[in-house]
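Everything on this sheet refers to the single structure shown next.
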Amino acid sequence: MKNFTIYTILFFFLLVSKVVGQETFESETKRIANKIEKITKEEKEALKEEVEAVNVQLSEGKITQEQAEKRKKELAEARAVIMEEKITLAQNELNDLVQKKVDGKIKEDSAKVYMIRWKSYKHHKDSIRGEKRTTSQFVFAMGLNNIMTDGKLQDSNYRFMGSHFYEWGFTYNSRLMKNDNLLHAKYGLSLMYNNIRPTDNRSFVVDGDQTNLEVNPVNLSESRFRNVYLVAPVHLEFDFSRPIESDGKKYFKTHKSFRFGIGGYAGVNVKSKQILKFEEDDLKYKTTIKGDYNVNNFVYGLSSYIGYRELSLYFKYDLNPLFQNNLVKENNVSLGLRVDLN
């Protein structure tokens, strides 16, 4: 719940940053968002170079195809961990900034602020310019997460409100037609966290190639199963933002009206772990058990979103099952809110 709370604060910041007259606060939050964007770019480029080096070794016959795939997965896992650690530091910085704002420690001279607001507004009103054909966004999403089997939601096996997902990443948004703003290709790199919380004091137990939900002998205060994925999402986005016309020219901007996107994602599993909490003899214990749990090494699925300006309702569904060989196929499904910040 600690991470969930942090991301709730992040979502709160995105809404607060739209309020007029928050220049100092907005500049700091924008700096942190740019830092996260830079981290994502750098780690993506570093991973690309490392994978290319593995491909060279494969082409030269120094390693086998199996060794190459294994090495690529290890590199993706390592980069995901590094990215997660760096972004966590930036998120902590953001958390501190929001707290300072809440505590009233960020103050501005009212007369000075008024003049800055007026100049900013007048400059914005008098200047007309469009965006580049390809823009970039920082993406953050969070919401409810669960499992589907044979088209039915398994809310009896997993807590409906207690299971959640969150995702952050970086995307490019390319306008497909030169003189029309409707169609865009959206593509990038994201870290997805899918959490499910079993009901009835149960936890996952591995039995050979099967992963089963079984009643835990200890009375658990929390049972949570988390999977982390590094994925490449791709969407076709329909943006109904109208162009600005001036002197016979059209200027295009994105995320100014209703939008919806359809597409999918594919990637690798970089971490699976089970978190169990319980009390014994008035002492509180927390156990984190890492392992593969027979979870599929790869993930791919369908996703869609619809919304207005930066905020959207977001849906995603894994087409491949969570566990590789389980007799009952269980597919992850998520529904929540998504923010695309230019």
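Ordering of the structure tokens sets the chain letters (A, B, ...); residue numbers start at 1 within each chain; ligands are numbered from 1 in the order shown.
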*Find the residues around Ala33 in chain A up to 9 Å (only C-alpha atoms counted), leave out those fewer than 3 positions away in its own chain, and share them as a VMD selection string.*
chain A and resid 28 to 30 36 to 38 90 94 138 341
*Thr287 in chain A: which residues within 8 Å, counting only C-alpha atoms, same-chain residues fewer than 3 positions away excluded, as a PyMOL selection string?*
chain A and resi 275-277
Write the residues of the preceding selection, restricted to N, CA and C atoms, as an mmCIF file, in the first residue's frame.
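Final output, saved to again-v4.cif:
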```cif
data_model
loop_
_atom_site.group_PDB
_atom_site.id
_atom_site.type_symbol
_atom_site.label_atom_id
_atom_site.label_comp_id
_atom_site.auth_asym_id
_atom_site.auth_seq_id
_atom_site.Cartn_x
_atom_site.Cartn_y
_atom_site.Cartn_z
ATOM 1 N N ILE A 275 4.328 -11.639 -1.243
ATOM 2 C CA ILE A 275 4.519 -10.893 -0.001
ATOM 3 C C ILE A 275 3.480 -11.358 1.007
ATOM 4 N N LEU A 276 3.932 -11.879 2.135
ATOM 5 C CA LEU A 276 3.042 -12.397 3.168
ATOM 6 C C LEU A 276 3.296 -11.655 4.474
ATOM 7 N N LYS A 277 2.233 -11.193 5.119
ATOM 8 C CA LYS A 277 2.344 -10.518 6.412
ATOM 9 C C LYS A 277 1.488 -11.251 7.441
#
```
*Name the residues in contact with range 239-244 of chain A at a cut-off of 8 Å, using only C-alpha atoms, excluding same-chain residues fewer than 4 positions from it; report them as a PyMOL selection string.*
chain A and resi 128+130+181-184+250-260
Range 147-200 of chain A residues near range 39-47 of chain A within 9 Å, closest pair each, using only C-alpha atoms, as a Markdown table:
```
| residue | atom | partner | partner_atom | distance |
| --- | --- | --- | --- | --- |
| A:Gly169 | CA | A:Thr40 | CA | 7.0 |
| A:Phe170 | CA | A:Thr40 | CA | 6.6 |
| A:Leu189 | CA | A:Lys44 | CA | 7.7 |
| A:Ser190 | CA | A:Thr40 | CA | 8.6 |
```
What would the file look like if the residues just selected were written as a short mmCIF file (atom, residue, chain, number, x, y, z; two decimals), in the first residue's frame with N, CA and C atoms?
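Now in again.cif:
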```
data_model
loop_
_atom_site.label_atom_id
_atom_site.label_comp_id
_atom_site.auth_asym_id
_atom_site.auth_seq_id
_atom_site.Cartn_x
_atom_site.Cartn_y
_atom_site.Cartn_z
N GLY A 169 5.92 4.97 -17.74
CA GLY A 169 6.78 4.79 -18.90
C GLY A 169 6.89 6.05 -19.72
N PHE A 170 7.41 5.87 -20.91
CA PHE A 170 7.69 6.98 -21.81
C PHE A 170 7.21 6.59 -23.20
N LEU A 189 8.01 2.56 -24.07
CA LEU A 189 8.51 1.55 -23.15
C LEU A 189 7.93 1.82 -21.76
N SER A 190 7.44 0.76 -21.08
CA SER A 190 6.80 0.93 -19.78
C SER A 190 7.19 -0.18 -18.82
#
```
Can you tell me, as a CSV table (one decimal) with all heavy atoms, in the first residue's frame, which residues in range 85-281 of chain A count as helix (DSSP H, G or I) by DSSP?
```csv
chain,number,residue,atom,x,y,z
A,85,GLU,N,14.8,1.6,-9.5
A,85,GLU,CA,15.5,2.3,-8.4
A,85,GLU,C,15.7,3.8,-8.6
A,85,GLU,O,15.4,4.6,-7.7
A,85,GLU,CB,16.9,1.7,-8.1
A,85,GLU,CG,16.8,0.2,-7.6
A,85,GLU,CD,18.2,-0.4,-7.5
A,85,GLU,OE1,19.1,0.1,-8.1
A,85,GLU,OE2,18.3,-1.5,-6.9
A,86,LYS,N,16.1,4.2,-9.8
A,86,LYS,CA,16.3,5.6,-10.1
A,86,LYS,C,15.0,6.4,-10.1
A,86,LYS,O,14.9,7.5,-9.6
A,86,LYS,CB,16.9,5.7,-11.5
A,86,LYS,CG,18.4,5.3,-11.6
A,86,LYS,CD,19.0,5.5,-13.0
A,86,LYS,CE,20.4,5.1,-13.0
A,86,LYS,NZ,21.0,5.4,-14.4
A,87,ILE,N,13.9,5.8,-10.7
A,87,ILE,CA,12.6,6.4,-10.7
A,87,ILE,C,12.0,6.6,-9.3
A,87,ILE,O,11.4,7.5,-9.0
A,87,ILE,CB,11.6,5.7,-11.7
A,87,ILE,CG1,12.1,5.9,-13.1
A,87,ILE,CG2,10.2,6.2,-11.5
A,87,ILE,CD1,11.3,5.1,-14.1
A,88,THR,N,12.3,5.5,-8.5
A,88,THR,CA,11.8,5.6,-7.1
A,88,THR,C,12.4,6.8,-6.3
A,88,THR,O,11.7,7.5,-5.6
A,88,THR,CB,12.2,4.3,-6.3
A,88,THR,OG1,11.5,3.2,-7.0
A,88,THR,CG2,11.7,4.4,-4.9
A,89,LEU,N,13.7,7.1,-6.6
A,89,LEU,CA,14.3,8.3,-6.0
A,89,LEU,C,13.6,9.6,-6.4
A,89,LEU,O,13.4,10.5,-5.6
A,89,LEU,CB,15.8,8.3,-6.3
A,89,LEU,CG,16.7,7.2,-5.7
A,89,LEU,CD1,18.1,7.3,-6.2
A,89,LEU,CD2,16.7,7.3,-4.2
A,90,ALA,N,13.3,9.6,-7.7
A,90,ALA,CA,12.6,10.8,-8.3
A,90,ALA,C,11.2,10.9,-7.7
A,90,ALA,O,10.8,12.0,-7.4
A,90,ALA,CB,12.6,10.8,-9.8
A,91,GLN,N,10.6,9.8,-7.5
A,91,GLN,CA,9.2,9.8,-6.9
A,91,GLN,C,9.2,10.3,-5.5
A,91,GLN,O,8.3,11.0,-5.0
A,91,GLN,CB,8.6,8.4,-7.1
A,91,GLN,CG,8.2,8.1,-8.5
A,91,GLN,CD,7.8,6.6,-8.6
A,91,GLN,OE1,8.1,5.8,-7.8
A,91,GLN,NE2,7.0,6.3,-9.7
A,92,ASN,N,10.3,9.9,-4.8
A,92,ASN,CA,10.4,10.3,-3.4
A,92,ASN,C,10.6,11.8,-3.3
A,92,ASN,O,10.1,12.5,-2.5
A,92,ASN,CB,11.6,9.6,-2.7
A,92,ASN,CG,11.3,8.2,-2.5
A,92,ASN,OD1,10.2,7.7,-2.4
A,92,ASN,ND2,12.4,7.4,-2.3
A,93,GLU,N,11.4,12.4,-4.3
A,93,GLU,CA,11.6,13.8,-4.4
A,93,GLU,C,10.3,14.5,-4.7
A,93,GLU,O,9.9,15.6,-4.1
A,93,GLU,CB,12.6,14.1,-5.5
A,93,GLU,CG,13.0,15.5,-5.6
A,93,GLU,CD,14.1,15.8,-6.7
A,93,GLU,OE1,14.6,14.8,-7.3
A,93,GLU,OE2,14.4,16.9,-7.0
A,94,LEU,N,9.4,13.9,-5.6
A,94,LEU,CA,8.1,14.5,-5.9
A,94,LEU,C,7.2,14.4,-4.7
A,94,LEU,O,6.5,15.4,-4.4
A,94,LEU,CB,7.5,13.7,-7.0
A,94,LEU,CG,6.1,14.0,-7.4
A,94,LEU,CD1,6.0,15.5,-7.9
A,94,LEU,CD2,5.6,13.1,-8.5
A,95,ASN,N,7.3,13.3,-3.9
A,95,ASN,CA,6.5,13.2,-2.7
A,95,ASN,C,6.8,14.3,-1.7
A,95,ASN,O,5.9,14.9,-1.1
A,95,ASN,CB,6.8,11.8,-2.1
A,95,ASN,CG,5.7,11.4,-1.0
A,95,ASN,OD1,4.7,12.0,-1.0
A,95,ASN,ND2,6.1,10.5,-0.2
A,96,ASP,N,8.1,14.6,-1.5
A,96,ASP,CA,8.5,15.6,-0.6
A,96,ASP,C,8.0,17.0,-1.1
A,96,ASP,O,7.6,17.8,-0.3
A,96,ASP,CB,10.1,15.7,-0.5
A,96,ASP,CG,10.6,14.4,0.2
A,96,ASP,OD1,9.8,13.8,0.9
A,96,ASP,OD2,11.8,14.1,0.0
A,97,LEU,N,8.1,17.2,-2.4
A,97,LEU,CA,7.6,18.5,-3.0
A,97,LEU,C,6.1,18.7,-2.7
A,97,LEU,O,5.7,19.8,-2.3
A,97,LEU,CB,7.9,18.5,-4.5
A,97,LEU,CG,7.5,19.8,-5.2
A,97,LEU,CD1,8.3,21.0,-4.7
A,97,LEU,CD2,7.7,19.6,-6.7
A,98,VAL,N,5.3,17.6,-3.0
A,98,VAL,CA,3.9,17.7,-2.7
A,98,VAL,C,3.6,18.0,-1.3
A,98,VAL,O,2.7,18.8,-0.9
A,98,VAL,CB,3.2,16.4,-3.2
A,98,VAL,CG1,1.7,16.4,-2.8
A,98,VAL,CG2,3.3,16.3,-4.7
A,99,GLN,N,4.3,17.3,-0.4
A,99,GLN,CA,4.1,17.5,1.1
A,99,GLN,C,4.4,19.0,1.5
A,99,GLN,O,3.7,19.6,2.3
A,99,GLN,CB,5.0,16.6,1.9
A,99,GLN,CG,4.7,16.5,3.4
A,99,GLN,CD,3.3,16.1,3.6
A,99,GLN,OE1,2.8,15.1,3.1
A,99,GLN,NE2,2.5,16.9,4.4
A,100,LYS,N,5.5,19.5,0.9
A,100,LYS,CA,5.8,20.9,1.2
A,100,LYS,C,4.7,21.9,0.7
A,100,LYS,O,4.4,22.9,1.4
A,100,LYS,CB,7.1,21.3,0.5
A,100,LYS,CG,8.4,20.7,1.1
A,100,LYS,CD,9.6,21.1,0.4
A,100,LYS,CE,10.9,20.5,1.0
A,100,LYS,NZ,12.1,20.9,0.3
A,101,LYS,N,4.1,21.5,-0.4
A,101,LYS,CA,3.0,22.4,-1.0
A,101,LYS,C,1.8,22.3,0.0
A,101,LYS,O,1.2,23.3,0.3
A,101,LYS,CB,2.7,21.9,-2.4
A,101,LYS,CG,1.6,22.7,-3.0
A,101,LYS,CD,2.1,24.1,-3.3
A,101,LYS,CE,1.0,25.0,-4.0
A,101,LYS,NZ,1.4,26.4,-4.1
A,102,VAL,N,1.5,21.0,0.4
A,102,VAL,CA,0.4,20.8,1.3
A,102,VAL,C,0.6,21.6,2.6
A,102,VAL,O,-0.3,22.2,3.2
A,102,VAL,CB,0.2,19.3,1.6
A,102,VAL,CG1,-0.8,19.1,2.7
A,102,VAL,CG2,-0.2,18.6,0.3
A,110,SER,N,2.3,37.9,-3.8
A,110,SER,CA,1.1,37.9,-4.6
A,110,SER,C,1.2,38.9,-5.8
A,110,SER,O,0.7,38.6,-6.9
A,110,SER,CB,-0.1,38.3,-3.7
A,110,SER,OG,0.2,39.5,-3.1
A,111,ALA,N,1.8,40.1,-5.6
A,111,ALA,CA,1.9,41.0,-6.7
A,111,ALA,C,2.7,40.5,-7.8
A,111,ALA,O,2.4,40.6,-9.0
A,111,ALA,CB,2.4,42.4,-6.2
A,112,LYS,N,3.9,39.9,-7.4
A,112,LYS,CA,4.8,39.4,-8.4
A,112,LYS,C,4.1,38.2,-9.2
A,112,LYS,O,4.2,38.1,-10.4
A,112,LYS,CB,6.1,38.8,-7.7
A,112,LYS,CG,7.1,38.3,-8.7
A,112,LYS,CD,8.3,37.9,-7.9
A,112,LYS,CE,9.4,37.3,-8.9
A,112,LYS,NZ,10.6,36.8,-8.2
A,113,VAL,N,3.4,37.4,-8.5
A,113,VAL,CA,2.7,36.3,-9.1
A,113,VAL,C,1.7,36.8,-10.1
A,113,VAL,O,1.5,36.2,-11.2
A,113,VAL,CB,2.1,35.4,-8.0
A,113,VAL,CG1,1.1,34.4,-8.7
A,113,VAL,CG2,3.1,34.6,-7.2
A,114,TYR,N,1.0,37.8,-9.7
A,114,TYR,CA,-0.1,38.4,-10.6
A,114,TYR,C,0.5,38.8,-11.9
A,114,TYR,O,0.0,38.6,-13.0
A,114,TYR,CB,-0.8,39.5,-9.9
A,114,TYR,CG,-1.8,40.2,-10.7
A,114,TYR,CD1,-3.1,39.6,-10.9
A,114,TYR,CD2,-1.5,41.4,-11.4
A,114,TYR,CE1,-4.0,40.2,-11.7
A,114,TYR,CE2,-2.4,42.0,-12.2
A,114,TYR,CZ,-3.7,41.4,-12.4
A,114,TYR,OH,-4.6,42.0,-13.2
A,115,MET,N,1.7,39.6,-11.8
A,115,MET,CA,2.3,40.1,-13.0
A,115,MET,C,2.8,38.9,-13.9
A,115,MET,O,2.7,38.9,-15.1
A,115,MET,CB,3.5,41.0,-12.7
A,115,MET,CG,3.1,42.3,-12.0
A,115,MET,SD,2.0,43.3,-13.1
A,115,MET,CE,3.0,43.6,-14.5
A,116,ILE,N,3.4,37.9,-13.3
A,116,ILE,CA,3.8,36.7,-14.0
A,116,ILE,C,2.7,36.0,-14.7
A,116,ILE,O,2.8,35.6,-15.9
A,116,ILE,CB,4.6,35.7,-13.1
A,116,ILE,CG1,5.9,36.4,-12.6
A,116,ILE,CG2,4.9,34.4,-13.8
A,116,ILE,CD1,6.6,35.5,-11.6
A,117,ARG,N,1.6,35.9,-14.0
A,117,ARG,CA,0.4,35.3,-14.6
A,117,ARG,C,-0.1,36.0,-15.8
A,117,ARG,O,-0.4,35.4,-16.8
A,117,ARG,CB,-0.7,35.2,-13.5
A,117,ARG,CG,-0.5,34.2,-12.4
A,117,ARG,CD,-1.6,34.3,-11.4
A,117,ARG,NE,-1.4,33.4,-10.3
A,117,ARG,CZ,-2.1,33.5,-9.2
A,117,ARG,NH1,-3.1,34.4,-9.1
A,117,ARG,NH2,-1.8,32.7,-8.1
A,118,TRP,N,-0.2,37.3,-15.6
A,118,TRP,CA,-0.7,38.2,-16.7
A,118,TRP,C,0.2,38.1,-18.0
A,118,TRP,O,-0.3,37.9,-19.1
A,118,TRP,CB,-0.9,39.6,-16.3
A,118,TRP,CG,-1.2,40.6,-17.4
A,118,TRP,CD1,-0.4,41.5,-17.9
A,118,TRP,CD2,-2.4,40.6,-18.2
A,118,TRP,NE1,-1.0,42.2,-18.9
A,118,TRP,CE2,-2.3,41.6,-19.1
A,118,TRP,CE3,-3.6,39.8,-18.1
A,118,TRP,CZ2,-3.3,41.9,-20.1
A,118,TRP,CZ3,-4.6,40.1,-19.1
A,118,TRP,CH2,-4.4,41.1,-20.0
A,119,LYS,N,1.5,38.2,-17.8
A,119,LYS,CA,2.4,38.1,-18.9
A,119,LYS,C,2.4,36.8,-19.6
A,119,LYS,O,2.4,36.7,-20.8
A,119,LYS,CB,3.8,38.5,-18.4
A,119,LYS,CG,4.1,39.9,-18.0
A,119,LYS,CD,5.5,40.1,-17.5
A,119,LYS,CE,5.7,41.6,-17.1
A,119,LYS,NZ,7.1,41.8,-16.6
A,120,SER,N,2.3,35.7,-18.7
A,120,SER,CA,2.2,34.4,-19.3
A,120,SER,C,1.0,34.2,-20.1
A,120,SER,O,1.0,33.6,-21.2
A,120,SER,CB,2.3,33.4,-18.1
A,120,SER,OG,2.2,32.1,-18.6
A,121,TYR,N,-0.1,34.7,-19.5
A,121,TYR,CA,-1.4,34.5,-20.2
A,121,TYR,C,-1.4,35.3,-21.6
A,121,TYR,O,-1.9,34.8,-22.6
A,121,TYR,CB,-2.6,35.0,-19.3
A,121,TYR,CG,-3.9,35.2,-20.1
A,121,TYR,CD1,-4.6,34.1,-20.4
A,121,TYR,CD2,-4.3,36.5,-20.4
A,121,TYR,CE1,-5.8,34.2,-21.0
A,121,TYR,CE2,-5.5,36.6,-21.1
A,121,TYR,CZ,-6.3,35.5,-21.4
A,121,TYR,OH,-7.4,35.6,-22.1
A,122,LYS,N,-0.9,36.6,-21.5
A,122,LYS,CA,-0.9,37.4,-22.7
A,122,LYS,C,0.0,36.8,-23.8
A,122,LYS,O,-0.3,36.8,-25.0
A,122,LYS,CB,-0.4,38.8,-22.4
A,122,LYS,CG,-0.7,39.8,-23.4
A,122,LYS,CD,-0.4,41.2,-23.0
A,122,LYS,CE,-0.9,42.3,-24.0
A,122,LYS,NZ,-0.4,42.1,-25.3
A,123,HIS,N,1.2,36.3,-23.4
A,123,HIS,CA,2.1,35.6,-24.3
A,123,HIS,C,1.5,34.4,-24.9
A,123,HIS,O,1.5,34.2,-26.2
A,123,HIS,CB,3.4,35.2,-23.6
A,123,HIS,CG,4.3,34.4,-24.5
A,123,HIS,ND1,5.1,35.0,-25.5
A,123,HIS,CD2,4.6,33.1,-24.5
A,123,HIS,CE1,5.8,34.1,-26.1
A,123,HIS,NE2,5.5,32.9,-25.5
A,124,HIS,N,0.8,33.6,-24.1
A,124,HIS,CA,0.1,32.4,-24.6
A,124,HIS,C,-1.0,32.8,-25.6
A,124,HIS,O,-1.2,32.1,-26.6
A,124,HIS,CB,-0.5,31.6,-23.5
A,124,HIS,CG,-1.3,30.4,-23.9
A,124,HIS,ND1,-0.7,29.3,-24.4
A,124,HIS,CD2,-2.6,30.2,-23.9
A,124,HIS,CE1,-1.6,28.4,-24.7
A,124,HIS,NE2,-2.8,28.9,-24.4
A,125,LYS,N,-1.7,33.9,-25.3
A,125,LYS,CA,-2.9,34.3,-26.1
A,125,LYS,C,-2.4,34.8,-27.4
A,125,LYS,O,-3.0,34.6,-28.5
A,125,LYS,CB,-3.7,35.3,-25.4
A,125,LYS,CG,-5.0,35.8,-26.1
A,125,LYS,CD,-5.7,36.8,-25.3
A,125,LYS,CE,-7.0,37.2,-26.0
A,125,LYS,NZ,-7.7,38.2,-25.2
A,126,ASP,N,-1.3,35.6,-27.4
A,126,ASP,CA,-0.8,36.3,-28.6
A,126,ASP,C,0.0,35.4,-29.5
A,126,ASP,O,0.2,35.8,-30.7
A,126,ASP,CB,0.0,37.6,-28.2
A,126,ASP,CG,-0.9,38.6,-27.6
A,126,ASP,OD1,-2.2,38.5,-27.7
A,126,ASP,OD2,-0.4,39.5,-26.9
```
List every residue of range 228-341 of chain A that has an atom at most 9 Å from any atom of range 55-73 of chain A, giving for each one its closest atom pair and the distance in Å to one decimal, counting only C-alpha atoms, sorted by chain and then by ascending residue number, as JSON lines.
```
{"residue": "A:Val268", "atom": "CA", "partner": "A:Lys73", "partner_atom": "CA", "distance": 7.3}
{"residue": "A:Asn269", "atom": "CA", "partner": "A:Lys73", "partner_atom": "CA", "distance": 8.5}
{"residue": "A:Val270", "atom": "CA", "partner": "A:Lys73", "partner_atom": "CA", "distance": 7.8}
{"residue": "A:Asn297", "atom": "CA", "partner": "A:Lys73", "partner_atom": "CA", "distance": 8.7}
```
*asked:* Counting only C-alpha atoms, which residue out of A:Asn34, A:Asn331, A:Asn227, A:Ser303 sits closest to Lys290 in chain A?
replied: A:Asn227
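The protein and nucleic acid residues lying at most 7 Å from Ile262 in chain A are His235, Leu236, Glu237, Ser303, Ser304 and Tyr305 of chain A, with only C-alpha atoms considered and sequence neighbours fewer than 2 positions away removed.
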Can you write just those residues out, all heavy atoms, as a PDB file, in the first residue's frame?
```
ATOM      1  N   HIS A 235      -0.007   1.755 -29.768  1.00  0.00           N
ATOM      2  CA  HIS A 235      -1.430   2.077 -29.934  1.00  0.00           C
ATOM      3  C   HIS A 235      -1.641   2.930 -31.189  1.00  0.00           C
ATOM      4  O   HIS A 235      -0.759   3.713 -31.573  1.00  0.00           O
ATOM      5  CB  HIS A 235      -1.963   2.859 -28.728  1.00  0.00           C
ATOM      6  CG  HIS A 235      -2.023   2.073 -27.466  1.00  0.00           C
ATOM      7  ND1 HIS A 235      -0.985   2.069 -26.556  1.00  0.00           N
ATOM      8  CD2 HIS A 235      -2.983   1.263 -26.956  1.00  0.00           C
ATOM      9  CE1 HIS A 235      -1.304   1.287 -25.536  1.00  0.00           C
ATOM     10  NE2 HIS A 235      -2.510   0.796 -25.750  1.00  0.00           N
ATOM     11  N   LEU A 236      -2.797   2.760 -31.793  1.00  0.00           N
ATOM     12  CA  LEU A 236      -3.285   3.694 -32.807  1.00  0.00           C
ATOM     13  C   LEU A 236      -4.216   4.649 -32.074  1.00  0.00           C
ATOM     14  O   LEU A 236      -5.240   4.228 -31.534  1.00  0.00           O
ATOM     15  CB  LEU A 236      -4.030   2.961 -33.925  1.00  0.00           C
ATOM     16  CG  LEU A 236      -4.658   3.862 -35.007  1.00  0.00           C
ATOM     17  CD1 LEU A 236      -3.576   4.612 -35.769  1.00  0.00           C
ATOM     18  CD2 LEU A 236      -5.511   3.030 -35.964  1.00  0.00           C
ATOM     19  N   GLU A 237      -3.842   5.928 -32.033  1.00  0.00           N
ATOM     20  CA  GLU A 237      -4.602   6.902 -31.251  1.00  0.00           C
ATOM     21  C   GLU A 237      -5.404   7.823 -32.165  1.00  0.00           C
ATOM     22  O   GLU A 237      -4.891   8.333 -33.166  1.00  0.00           O
ATOM     23  CB  GLU A 237      -3.662   7.726 -30.373  1.00  0.00           C
ATOM     24  CG  GLU A 237      -4.395   8.735 -29.496  1.00  0.00           C
ATOM     25  CD  GLU A 237      -3.476   9.428 -28.509  1.00  0.00           C
ATOM     26  OE1 GLU A 237      -3.106   8.797 -27.510  1.00  0.00           O
ATOM     27  OE2 GLU A 237      -3.118  10.599 -28.757  1.00  0.00           O
ATOM     28  N   SER A 303      -4.821  -3.620 -25.278  1.00  0.00           N
ATOM     29  CA  SER A 303      -5.091  -2.498 -24.385  1.00  0.00           C
ATOM     30  C   SER A 303      -5.805  -1.389 -25.147  1.00  0.00           C
ATOM     31  O   SER A 303      -5.703  -1.281 -26.375  1.00  0.00           O
ATOM     32  CB  SER A 303      -3.785  -1.960 -23.771  1.00  0.00           C
ATOM     33  OG  SER A 303      -2.854  -1.607 -24.786  1.00  0.00           O
ATOM     34  N   SER A 304      -6.540  -0.580 -24.396  1.00  0.00           N
ATOM     35  CA  SER A 304      -7.287   0.520 -24.988  1.00  0.00           C
ATOM     36  C   SER A 304      -7.507   1.602 -23.940  1.00  0.00           C
ATOM     37  O   SER A 304      -7.477   1.320 -22.736  1.00  0.00           O
ATOM     38  CB  SER A 304      -8.633   0.014 -25.515  1.00  0.00           C
ATOM     39  OG  SER A 304      -9.368   1.059 -26.119  1.00  0.00           O
ATOM     40  N   TYR A 305      -7.705   2.820 -24.391  1.00  0.00           N
ATOM     41  CA  TYR A 305      -7.995   3.911 -23.468  1.00  0.00           C
ATOM     42  C   TYR A 305      -8.884   4.932 -24.161  1.00  0.00           C
ATOM     43  O   TYR A 305      -8.881   5.071 -25.391  1.00  0.00           O
ATOM     44  CB  TYR A 305      -6.702   4.580 -22.969  1.00  0.00           C
ATOM     45  CG  TYR A 305      -5.770   5.049 -24.059  1.00  0.00           C
ATOM     46  CD1 TYR A 305      -5.871   6.317 -24.614  1.00  0.00           C
ATOM     47  CD2 TYR A 305      -4.763   4.205 -24.534  1.00  0.00           C
ATOM     48  CE1 TYR A 305      -5.015   6.745 -25.614  1.00  0.00           C
ATOM     49  CE2 TYR A 305      -3.899   4.621 -25.533  1.00  0.00           C
ATOM     50  CZ  TYR A 305      -4.027   5.889 -26.070  1.00  0.00           C
ATOM     51  OH  TYR A 305      -3.181   6.293 -27.073  1.00  0.00           O
TER      52      TYR A 305
END
```
*range 85-287 of chain A: residues DSSP assigns to strand (DSSP E), reported as a PyMOL selection string*: chain A and resi 134-149+152-153+164-177+180-196+202-207+210-215+220-239+244-246+249-251+258-280+283-287
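Rounded to one decimal, CA of Leu176 in chain A and CA of Val299 in chain A lie 27.7 Å from each other.
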*Interatomic distance, CA of Leu153 in chain A to CA of Val139 in chain A (Å, one decimal)*: 26.9 Å
*Mind checking which residues fall within 9 Å of Gly267 in chain A, counting only C-alpha atoms, ignoring those fewer than 2 positions away in the same chain, and posting them as an MDAnalysis selection string?*
chainID A and resid 229:233 265 269 297:300
Output N, CA, C and O atoms of each residue in that selection to a file, as a compact mmCIF listing (two decimals), in the first residue's frame.
```
# COMPACT_ATOMS: atom_id res chain seq x y z
N TYR A 229 6.70 -6.32 -15.24
CA TYR A 229 6.99 -6.57 -16.65
C TYR A 229 7.61 -5.32 -17.28
O TYR A 229 7.22 -4.19 -16.97
N LEU A 230 8.56 -5.55 -18.17
CA LEU A 230 9.09 -4.49 -19.03
C LEU A 230 8.47 -4.70 -20.40
O LEU A 230 8.72 -5.73 -21.04
N VAL A 231 7.62 -3.76 -20.84
CA VAL A 231 6.83 -3.97 -22.05
C VAL A 231 6.98 -2.81 -23.03
O VAL A 231 7.35 -1.69 -22.65
N ALA A 232 6.69 -3.12 -24.29
CA ALA A 232 6.66 -2.11 -25.35
C ALA A 232 5.22 -1.97 -25.83
O ALA A 232 4.74 -2.82 -26.59
N PRO A 233 4.49 -0.96 -25.37
CA PRO A 233 3.10 -0.76 -25.83
C PRO A 233 3.05 -0.01 -27.17
O PRO A 233 3.87 0.87 -27.43
N TYR A 265 0.45 -4.66 -26.33
CA TYR A 265 1.77 -4.57 -25.71
C TYR A 265 2.41 -5.96 -25.71
O TYR A 265 1.72 -6.99 -25.78
N ASN A 269 8.77 -10.74 -18.40
CA ASN A 269 8.62 -10.72 -16.94
C ASN A 269 10.00 -10.53 -16.33
O ASN A 269 10.93 -11.29 -16.62
N ASN A 297 7.44 -16.32 -18.94
CA ASN A 297 8.56 -15.39 -19.08
C ASN A 297 8.20 -14.18 -19.95
O ASN A 297 8.80 -13.12 -19.82
N PHE A 298 7.24 -14.37 -20.83
CA PHE A 298 6.84 -13.30 -21.74
C PHE A 298 5.36 -12.96 -21.52
O PHE A 298 4.58 -13.79 -21.03
N VAL A 299 4.99 -11.75 -21.89
CA VAL A 299 3.60 -11.31 -21.77
C VAL A 299 3.23 -10.54 -23.03
O VAL A 299 4.06 -9.83 -23.61
N TYR A 300 2.00 -10.71 -23.47
CA TYR A 300 1.48 -9.91 -24.58
C TYR A 300 -0.04 -9.80 -24.41
O TYR A 300 -0.68 -10.70 -23.85
```
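Rounded to one decimal, CA of Phe225 in chain A and CA of Asp282 in chain A lie 24.9 Å from each other.
Here the question is which of A:Val295, A:Val205, A:Leu335, A:Ala266 gets nearest to Phe165 in chain A using only C-alpha atoms, and that residue is A:Leu335.
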